[in-house]
Amino acid sequence: MRYTVKTEEHAPLIKGHMKLGGANRTYEVDVNSRYFTLNAKPWIPVMGEIHYSRVCCEDWERELRKMKAGGITAVSCYVIWIYHEEEEGCFDFTGSRDLRRFVMLCQKLGLWVVLRIGPWAHGEVRNGGFPDWLLKKDIKPRTNDPEYLSYVQRYYAKIYEQVQEFLFEKEGCIFAIQLENELTNNAPHLLKLKEMAVQCRLTAPIYTVTGWNSAYGAEIPEYDVVPVFGGYSEAPWDASLVRLVPSSNFFFLSARNDSSIGTDLIPKPLTDDGAFHMNYDLYPFATCEIGGGIQVTHHRRPRISPQEIYAIALVKLGSGNNLPGYYMYHGGTNAIGKLSTLQESKATGYPNDLPIRDYDFQAPLGRYGLPHGQYGKLKLMHLFLADFGSVLAGMDAYFPENPITDRYDTSSLRYSVRMDGQSGYVFVNNYQRLDVLASHEDVRFEIPLKEETLLFPEDGMKVPSGACFFLPFRLDLDGVMLQGATVQLICHKEDTWFFFAVDGIEGCYYLETGGMDRVEAAGCRRENVGGRLKLTPAACGTDSVITVVKKDGKKIRLVTLTQEQAEHFYDLDGTVCVAGGEMFNTDEGQAVYCLGNPDLTGFKWDGNAFVPAGKSADERRPEVSFKECPGIDVQSFCMEELSLGGKREIRQWELSLKELSLTGLADVFLKISYVGDCIQIYINDTLAADEFYRGDPWLVSVRELLRFGTEVKILVSELRPEGVYLETEKNSGLAVESIEALPLYEMIW
């Protein structure tokens with residue numbers, strides 16, 4: 001079946017209209033109506049959120065290195081007011097609140113920074129980040145109330161003291177600042193905040209604000225800021241206790257505004273009369289909150305699959321997104337303040353109860369730095385953007401000639417095309433959360449180029465259910481034209497292009513033979529399709545290298561990995577690797593790590609082929625025993641969390657970490673299989689960790705627990721089916737079924 005796109009005209013490129021942009025001695029950063037620029041070249045930063053105040057400062061550098069290895073080029077983070085001034089006038093920028101040290105590490109590692117200075121953040125924090133003392137004053141927060149602004153100005157001045165040497169104008173890494181968050185209807189206040197930031201010398205080439213609301217986009221000062229958007233696969237802030245309607249974020253759409261974000265806090269307009277309508281043609285499509293995962297609330301506990309996160313990110317990219325930004329990219333742990341716990345809760349007037357400690361967010365990197373499955377999947381897009389983003393940025397998005405109008409449609413193929421009239425990429429998403437989409441046979445895309453209509457692939461392809469991918473067409477491989485391929489492009493290094501075969505799709509290349517002398521590829525099937533040479537590797541993997549010798553004697557190589565290998569593919573500052581585990585760069589070399597599996601072998605690319613690298617670690621089998629206690633002997637106000645939604649039975653188990661050695665290991669994780677409403681870990685009556693049950697075993701870092709002590713008490717409260725949305729068969733009970741100790745192996749290649 002042939003699939004076509006509408007060839008409608010796009011709005012013209014506008015330059016120089018924004019009151020933004022800047023240059024220092026090394027870089028120039030600017031923005032036009034389509035994309036950002038770095039040194040006058042189109043630029044697609046990849047932004048990932050991590051909250052330094054929710055991660056132990058001893059781990060910052062390691063975790064930032066993991067983010068960089070995952071393809072993140074810009075780190076975004078809230079500066080959460082209540083964390084820094086819980087008591088009026090007593091500012092704290094020490095330990096895990098040390099903003100200066102955190103930004104300094106970002107700069108050391110070559111990461112850009114987007115500083116989200118608030119003053120209101122949301123971020124599932126108590127009062128949205130406002131200190132309690134502020135709300136007790138006779139002020140109107142989030143307005144131009146002079147007294148409120150006086151406190152904001154003092155706060156901004158303190159932020160400046162911390163980050164001044166890392167501002168862009170001083171050759172620093174802070175290239176963007178976000179003002180406020182989720183303010184939908186007060187452009188004068190947003191402009192005032194920008195003016196105050198500048199007065200406090202918190203300057204950056206780019207200022208952003210969140211652009212969503214429930215209707216037409218947030219009311220913003222049009223030429224002073226760039227609106228950024230988002231999209232989540234679920235909405236745990238929704239008050240309902242049933243499955244939600246299918247999210248529009250799994251469909252390729254020109255619309256940027258996701259009206260579901262923030263609906264727990266954003267009021268809906270009573271009327272459309274005089275409503276602000278955002279002029280999207282002024283700005284590039286940029287995001288700050290593509291859901292890297294999702295937090296759970298007490299009443300709603302979705303289980304996120306890696307593919308759904310990848311699908312949404314891919315859909316946004318295929319819809320024209322030129323700044324992928326993830327919230328969260330790295331999870332964390334909420335601090336407990338001097339005066340209160342610091343999580344969002346109904347007790348503080350918010351619609352949701354969040355865990356006291358847990359902010360794992362089911363993110364690509366979890367609260368303790370363990371990768372979730374989407375980490376490797378998203379990395380595939382990020383590596384592509386590092387090498388080809390400057391070209392993709394200028395490509396417009398085109399959508400189906402016959403658009404899907406029913407969000408319950410599971411039979412129509414979802415696709416888009418980004419192209420510049422000469423070349424481009426076909427984006428396909430055949431995945432939707434909690435649904436099974438139909439597979440499609442004999443799929444061919446009819447693509448209107450400037451000089452011809454391209455039929456690709458000419459002999460058709462299969463799109464299996466659950467697959468999401470993008471494919472190149474008319475890609476110039478250093479003088480050899482790749483007319484199209486049914487494999488996804490990862491990156492380009494010197495004379496080699498790396499691809500992978502999407503699971504369930506036969507990977508092949510369609511090459512124009514002009515400029516070619518011969519092809520060297522053992523076992524590769526060769527066919528003539530429409531006058532082009534079709535090459536189908538005999539088997540995909542690290543040994544699958546097709547060498548094309550050009551008429552001038554120079555060679556190019558096409559490497560075709562499996563999808564599993566590709567999800568463990570890394571480009572670490574020019575060193576290309578495929579590992580059995582995960583990797584990041586250190587000052588000593590490439591670190592490889594894996595939970596529970598000592599096999600840390602893999603492959604490095606030597607310029608011609610992948611060669612074996614690494615070795616297996618010595619296997620360790622740490623053991624831990626636990627026992628149930630006859631009663632409860634913990635004394636803590638945090639125990640109230642165990643009775644959210646009503647009193648219920650609570651039981652206690654104990655174990656000791658004294659004999660659990662971390663010597664020679666990066667960490668050990670307790671894998672706790674349990675059933676309950678809420679689980680908590682106390683050490684010396686201090687709440688060290690918690691989570692709301694959603695059906696999966698709980699992984700807890702022993703290295704983190706040892707910061708509190710060695711004697712562990714585990715409290716679990718009874719799970720009842722009423723009042724909770726769960727996506728697991730077990731919806732009632734109270735038990736700790738097993739506790740395993742899993743070693744985290746790590747070594748330097």
# chains A, B, ... in the order shown; residues from 1 in each chain; ligands from 1

$ residues_around --residues "stretch 58-65 of chain A" --least-positions-apart "2" --cutoff "8 Å" --atoms "only C-alpha atoms" --output "list in words"
Tyr52, Val55, Cys56, Met67, Lys68, Ala69, Phe102, Leu105, Cys106, Leu109, Gly369, Phe584, Asn585 and Thr586 of chain A

$ residues_around --residues "A:Ser661" --least-positions-apart "5" --cutoff "12 Å" --atoms "only C-alpha atoms" --output "number ranges by chain"
A: 620-624, 656, 666-669, 702-703, 706, 710, 741-744

$ closest_residue --among "A:Tyr283, A:Ile139, A:Leu193, A:Lys19" --to "A:Phe36" --atoms "only C-alpha atoms"
A:Tyr283

$ atom_distance --atom1 "atom CA of A:Ser732" --atom2 "atom CA of A:Ser636"
25.3 Å

$ closest_atom_pairs --of "stretch 497-544 of chain A" --to "stretch 472-488 of chain A" --cutoff "12 Å" --atoms "only C-alpha atoms" --output "CSV"
residue,atom,partner,partner_atom,distance
A:Trp497,CA,A:Leu477,CA,8.1
A:Phe498,CA,A:Gln488,CA,8.7
A:Phe499,CA,A:Gln488,CA,5.3
A:Phe500,CA,A:Gln488,CA,5.4
A:Ala501,CA,A:Val487,CA,4.8
A:Val502,CA,A:Val487,CA,6.5
A:Asp503,CA,A:Val487,CA,9.9
A:Gly504,CA,A:Thr486,CA,11.1
A:Ile505,CA,A:Thr486,CA,7.4
A:Glu506,CA,A:Thr486,CA,7.1
A:Gly507,CA,A:Val487,CA,5.1
A:Cys508,CA,A:Thr486,CA,5.4
A:Tyr509,CA,A:Ala485,CA,4.5
A:Tyr510,CA,A:Gly484,CA,5.3
A:Leu511,CA,A:Leu482,CA,4.7
A:Glu512,CA,A:Met481,CA,5.4
A:Thr513,CA,A:Val480,CA,7.6
A:Gly514,CA,A:Val480,CA,7.2
A:Gly515,CA,A:Val480,CA,6.2
A:Met516,CA,A:Val480,CA,6.9
A:Asp517,CA,A:Val480,CA,10.5
A:Arg518,CA,A:Val480,CA,11.6
A:Val519,CA,A:Val480,CA,11.7
A:Val529,CA,A:Gln483,CA,11.2
A:Gly530,CA,A:Gln483,CA,10.9
A:Gly531,CA,A:Gln483,CA,11.0
A:Arg532,CA,A:Gln483,CA,8.2
A:Leu533,CA,A:Gln483,CA,9.6
A:Lys534,CA,A:Ala485,CA,9.1
A:Leu535,CA,A:Ala485,CA,9.4
A:Thr536,CA,A:Thr486,CA,9.7
A:Pro537,CA,A:Val487,CA,10.9
A:Cys540,CA,A:Val487,CA,10.5

$ decode --residues "stretch 426-440 of chain A" --atoms "all heavy atoms" --output "PDB file, in the first residue's frame"
ATOM      1  N   VAL A 426      11.798   9.225   6.771  1.00  0.00           N
ATOM      2  CA  VAL A 426      10.437   8.776   7.039  1.00  0.00           C
ATOM      3  C   VAL A 426      10.381   8.315   8.493  1.00  0.00           C
ATOM      4  O   VAL A 426      11.211   7.507   8.929  1.00  0.00           O
ATOM      5  CB  VAL A 426      10.034   7.612   6.112  1.00  0.00           C
ATOM      6  CG1 VAL A 426       8.673   7.063   6.509  1.00  0.00           C
ATOM      7  CG2 VAL A 426      10.014   8.061   4.663  1.00  0.00           C
ATOM      8  N   PHE A 427       9.430   8.825   9.243  1.00  0.00           N
ATOM      9  CA  PHE A 427       9.236   8.444  10.637  1.00  0.00           C
ATOM     10  C   PHE A 427       7.976   7.588  10.747  1.00  0.00           C
ATOM     11  O   PHE A 427       6.925   7.950  10.195  1.00  0.00           O
ATOM     12  CB  PHE A 427       9.079   9.680  11.519  1.00  0.00           C
ATOM     13  CG  PHE A 427      10.344  10.475  11.686  1.00  0.00           C
ATOM     14  CD1 PHE A 427      10.771  11.342  10.689  1.00  0.00           C
ATOM     15  CD2 PHE A 427      11.105  10.367  12.837  1.00  0.00           C
ATOM     16  CE1 PHE A 427      11.937  12.078  10.829  1.00  0.00           C
ATOM     17  CE2 PHE A 427      12.270  11.094  12.997  1.00  0.00           C
ATOM     18  CZ  PHE A 427      12.689  11.951  11.987  1.00  0.00           C
ATOM     19  N   VAL A 428       8.080   6.482  11.456  1.00  0.00           N
ATOM     20  CA  VAL A 428       6.946   5.572  11.627  1.00  0.00           C
ATOM     21  C   VAL A 428       6.820   5.213  13.095  1.00  0.00           C
ATOM     22  O   VAL A 428       7.809   4.857  13.750  1.00  0.00           O
ATOM     23  CB  VAL A 428       7.123   4.282  10.791  1.00  0.00           C
ATOM     24  CG1 VAL A 428       5.971   3.312  11.060  1.00  0.00           C
ATOM     25  CG2 VAL A 428       7.200   4.610   9.305  1.00  0.00           C
ATOM     26  N   ASN A 429       5.601   5.314  13.627  1.00  0.00           N
ATOM     27  CA  ASN A 429       5.324   4.829  14.980  1.00  0.00           C
ATOM     28  C   ASN A 429       4.157   3.860  14.920  1.00  0.00           C
ATOM     29  O   ASN A 429       3.032   4.245  14.590  1.00  0.00           O
ATOM     30  CB  ASN A 429       4.975   5.965  15.933  1.00  0.00           C
ATOM     31  CG  ASN A 429       4.527   5.424  17.281  1.00  0.00           C
ATOM     32  OD1 ASN A 429       5.113   4.472  17.790  1.00  0.00           O
ATOM     33  ND2 ASN A 429       3.477   5.995  17.844  1.00  0.00           N
ATOM     34  N   ASN A 430       4.425   2.612  15.236  1.00  0.00           N
ATOM     35  CA  ASN A 430       3.362   1.604  15.244  1.00  0.00           C
ATOM     36  C   ASN A 430       3.194   1.041  16.653  1.00  0.00           C
ATOM     37  O   ASN A 430       2.955  -0.141  16.837  1.00  0.00           O
ATOM     38  CB  ASN A 430       3.680   0.482  14.252  1.00  0.00           C
ATOM     39  CG  ASN A 430       2.421  -0.213  13.751  1.00  0.00           C
ATOM     40  OD1 ASN A 430       1.351   0.396  13.697  1.00  0.00           O
ATOM     41  ND2 ASN A 430       2.543  -1.470  13.389  1.00  0.00           N
ATOM     42  N   TYR A 431       3.351   1.956  17.632  1.00  0.00           N
ATOM     43  CA  TYR A 431       3.227   1.571  19.045  1.00  0.00           C
ATOM     44  C   TYR A 431       2.290   2.548  19.748  1.00  0.00           C
ATOM     45  O   TYR A 431       2.332   3.751  19.504  1.00  0.00           O
ATOM     46  CB  TYR A 431       4.586   1.603  19.744  1.00  0.00           C
ATOM     47  CG  TYR A 431       4.508   1.212  21.203  1.00  0.00           C
ATOM     48  CD1 TYR A 431       4.719  -0.105  21.600  1.00  0.00           C
ATOM     49  CD2 TYR A 431       4.195   2.147  22.177  1.00  0.00           C
ATOM     50  CE1 TYR A 431       4.619  -0.467  22.941  1.00  0.00           C
ATOM     51  CE2 TYR A 431       4.092   1.788  23.513  1.00  0.00           C
ATOM     52  CZ  TYR A 431       4.310   0.483  23.891  1.00  0.00           C
ATOM     53  OH  TYR A 431       4.198   0.126  25.210  1.00  0.00           O
ATOM     54  N   GLN A 432       1.474   2.000  20.625  1.00  0.00           N
ATOM     55  CA  GLN A 432       0.649   2.837  21.490  1.00  0.00           C
ATOM     56  C   GLN A 432       0.513   2.157  22.836  1.00  0.00           C
ATOM     57  O   GLN A 432       0.332   0.936  22.919  1.00  0.00           O
ATOM     58  CB  GLN A 432      -0.736   3.070  20.893  1.00  0.00           C
ATOM     59  CG  GLN A 432      -1.632   3.961  21.760  1.00  0.00           C
ATOM     60  CD  GLN A 432      -2.871   4.393  21.029  1.00  0.00           C
ATOM     61  OE1 GLN A 432      -2.809   5.207  20.112  1.00  0.00           O
ATOM     62  NE2 GLN A 432      -4.003   3.838  21.414  1.00  0.00           N
ATOM     63  N   ARG A 433       0.605   2.947  23.863  1.00  0.00           N
ATOM     64  CA  ARG A 433       0.545   2.432  25.230  1.00  0.00           C
ATOM     65  C   ARG A 433      -0.716   1.621  25.480  1.00  0.00           C
ATOM     66  O   ARG A 433      -1.833   2.065  25.193  1.00  0.00           O
ATOM     67  CB  ARG A 433       0.626   3.612  26.209  1.00  0.00           C
ATOM     68  CG  ARG A 433       0.420   3.234  27.663  1.00  0.00           C
ATOM     69  CD  ARG A 433       0.682   4.428  28.578  1.00  0.00           C
ATOM     70  NE  ARG A 433       0.160   4.189  29.900  1.00  0.00           N
ATOM     71  CZ  ARG A 433       0.735   3.407  30.810  1.00  0.00           C
ATOM     72  NH1 ARG A 433       1.864   2.783  30.515  1.00  0.00           N
ATOM     73  NH2 ARG A 433       0.189   3.238  31.994  1.00  0.00           N
ATOM     74  N   LEU A 434      -0.534   0.401  25.990  1.00  0.00           N
ATOM     75  CA  LEU A 434      -1.599  -0.508  26.427  1.00  0.00           C
ATOM     76  C   LEU A 434      -2.482  -1.016  25.289  1.00  0.00           C
ATOM     77  O   LEU A 434      -3.492  -1.665  25.535  1.00  0.00           O
ATOM     78  CB  LEU A 434      -2.483   0.136  27.505  1.00  0.00           C
ATOM     79  CG  LEU A 434      -1.755   0.614  28.774  1.00  0.00           C
ATOM     80  CD1 LEU A 434      -2.764   1.209  29.757  1.00  0.00           C
ATOM     81  CD2 LEU A 434      -0.994  -0.529  29.428  1.00  0.00           C
ATOM     82  N   ASP A 435      -2.115  -0.721  24.041  1.00  0.00           N
ATOM     83  CA  ASP A 435      -2.877  -1.203  22.898  1.00  0.00           C
ATOM     84  C   ASP A 435      -1.964  -1.992  21.967  1.00  0.00           C
ATOM     85  O   ASP A 435      -0.741  -1.854  22.011  1.00  0.00           O
ATOM     86  CB  ASP A 435      -3.497  -0.043  22.112  1.00  0.00           C
ATOM     87  CG  ASP A 435      -4.771   0.470  22.757  1.00  0.00           C
ATOM     88  OD1 ASP A 435      -5.565  -0.355  23.234  1.00  0.00           O
ATOM     89  OD2 ASP A 435      -4.964   1.700  22.789  1.00  0.00           O
ATOM     90  N   VAL A 436      -2.555  -2.808  21.123  1.00  0.00           N
ATOM     91  CA  VAL A 436      -1.824  -3.531  20.083  1.00  0.00           C
ATOM     92  C   VAL A 436      -2.237  -2.945  18.746  1.00  0.00           C
ATOM     93  O   VAL A 436      -3.410  -3.015  18.360  1.00  0.00           O
ATOM     94  CB  VAL A 436      -2.122  -5.044  20.132  1.00  0.00           C
ATOM     95  CG1 VAL A 436      -1.404  -5.753  18.987  1.00  0.00           C
ATOM     96  CG2 VAL A 436      -1.704  -5.635  21.479  1.00  0.00           C
ATOM     97  N   LEU A 437      -1.298  -2.341  18.056  1.00  0.00           N
ATOM     98  CA  LEU A 437      -1.588  -1.766  16.739  1.00  0.00           C
ATOM     99  C   LEU A 437      -1.360  -2.812  15.653  1.00  0.00           C
ATOM    100  O   LEU A 437      -0.500  -3.686  15.783  1.00  0.00           O
ATOM    101  CB  LEU A 437      -0.712  -0.547  16.486  1.00  0.00           C
ATOM    102  CG  LEU A 437      -0.816   0.600  17.501  1.00  0.00           C
ATOM    103  CD1 LEU A 437      -0.031   1.817  17.015  1.00  0.00           C
ATOM    104  CD2 LEU A 437      -2.267   0.982  17.773  1.00  0.00           C
ATOM    105  N   ALA A 438      -2.104  -2.700  14.593  1.00  0.00           N
ATOM    106  CA  ALA A 438      -2.034  -3.673  13.498  1.00  0.00           C
ATOM    107  C   ALA A 438      -0.687  -3.612  12.803  1.00  0.00           C
ATOM    108  O   ALA A 438      -0.089  -2.544  12.643  1.00  0.00           O
ATOM    109  CB  ALA A 438      -3.152  -3.399  12.495  1.00  0.00           C
ATOM    110  N   SER A 439      -0.198  -4.768  12.364  1.00  0.00           N
ATOM    111  CA  SER A 439       0.999  -4.794  11.520  1.00  0.00           C
ATOM    112  C   SER A 439       0.588  -4.460  10.084  1.00  0.00           C
ATOM    113  O   SER A 439      -0.588  -4.561   9.715  1.00  0.00           O
ATOM    114  CB  SER A 439       1.678  -6.154  11.584  1.00  0.00           C
ATOM    115  OG  SER A 439       0.796  -7.163  11.120  1.00  0.00           O
ATOM    116  N   HIS A 440       1.566  -4.074   9.278  1.00  0.00           N
ATOM    117  CA  HIS A 440       1.277  -3.633   7.914  1.00  0.00           C
ATOM    118  C   HIS A 440       2.261  -4.291   6.955  1.00  0.00           C
ATOM    119  O   HIS A 440       3.465  -4.307   7.206  1.00  0.00           O
ATOM    120  CB  HIS A 440       1.375  -2.110   7.803  1.00  0.00           C
ATOM    121  CG  HIS A 440       0.419  -1.381   8.698  1.00  0.00           C
ATOM    122  ND1 HIS A 440      -0.826  -0.973   8.300  1.00  0.00           N
ATOM    123  CD2 HIS A 440       0.539  -1.009  10.000  1.00  0.00           C
ATOM    124  CE1 HIS A 440      -1.441  -0.364   9.300  1.00  0.00           C
ATOM    125  NE2 HIS A 440      -0.631  -0.377  10.353  1.00  0.00           N
TER     126      HIS A 440
END
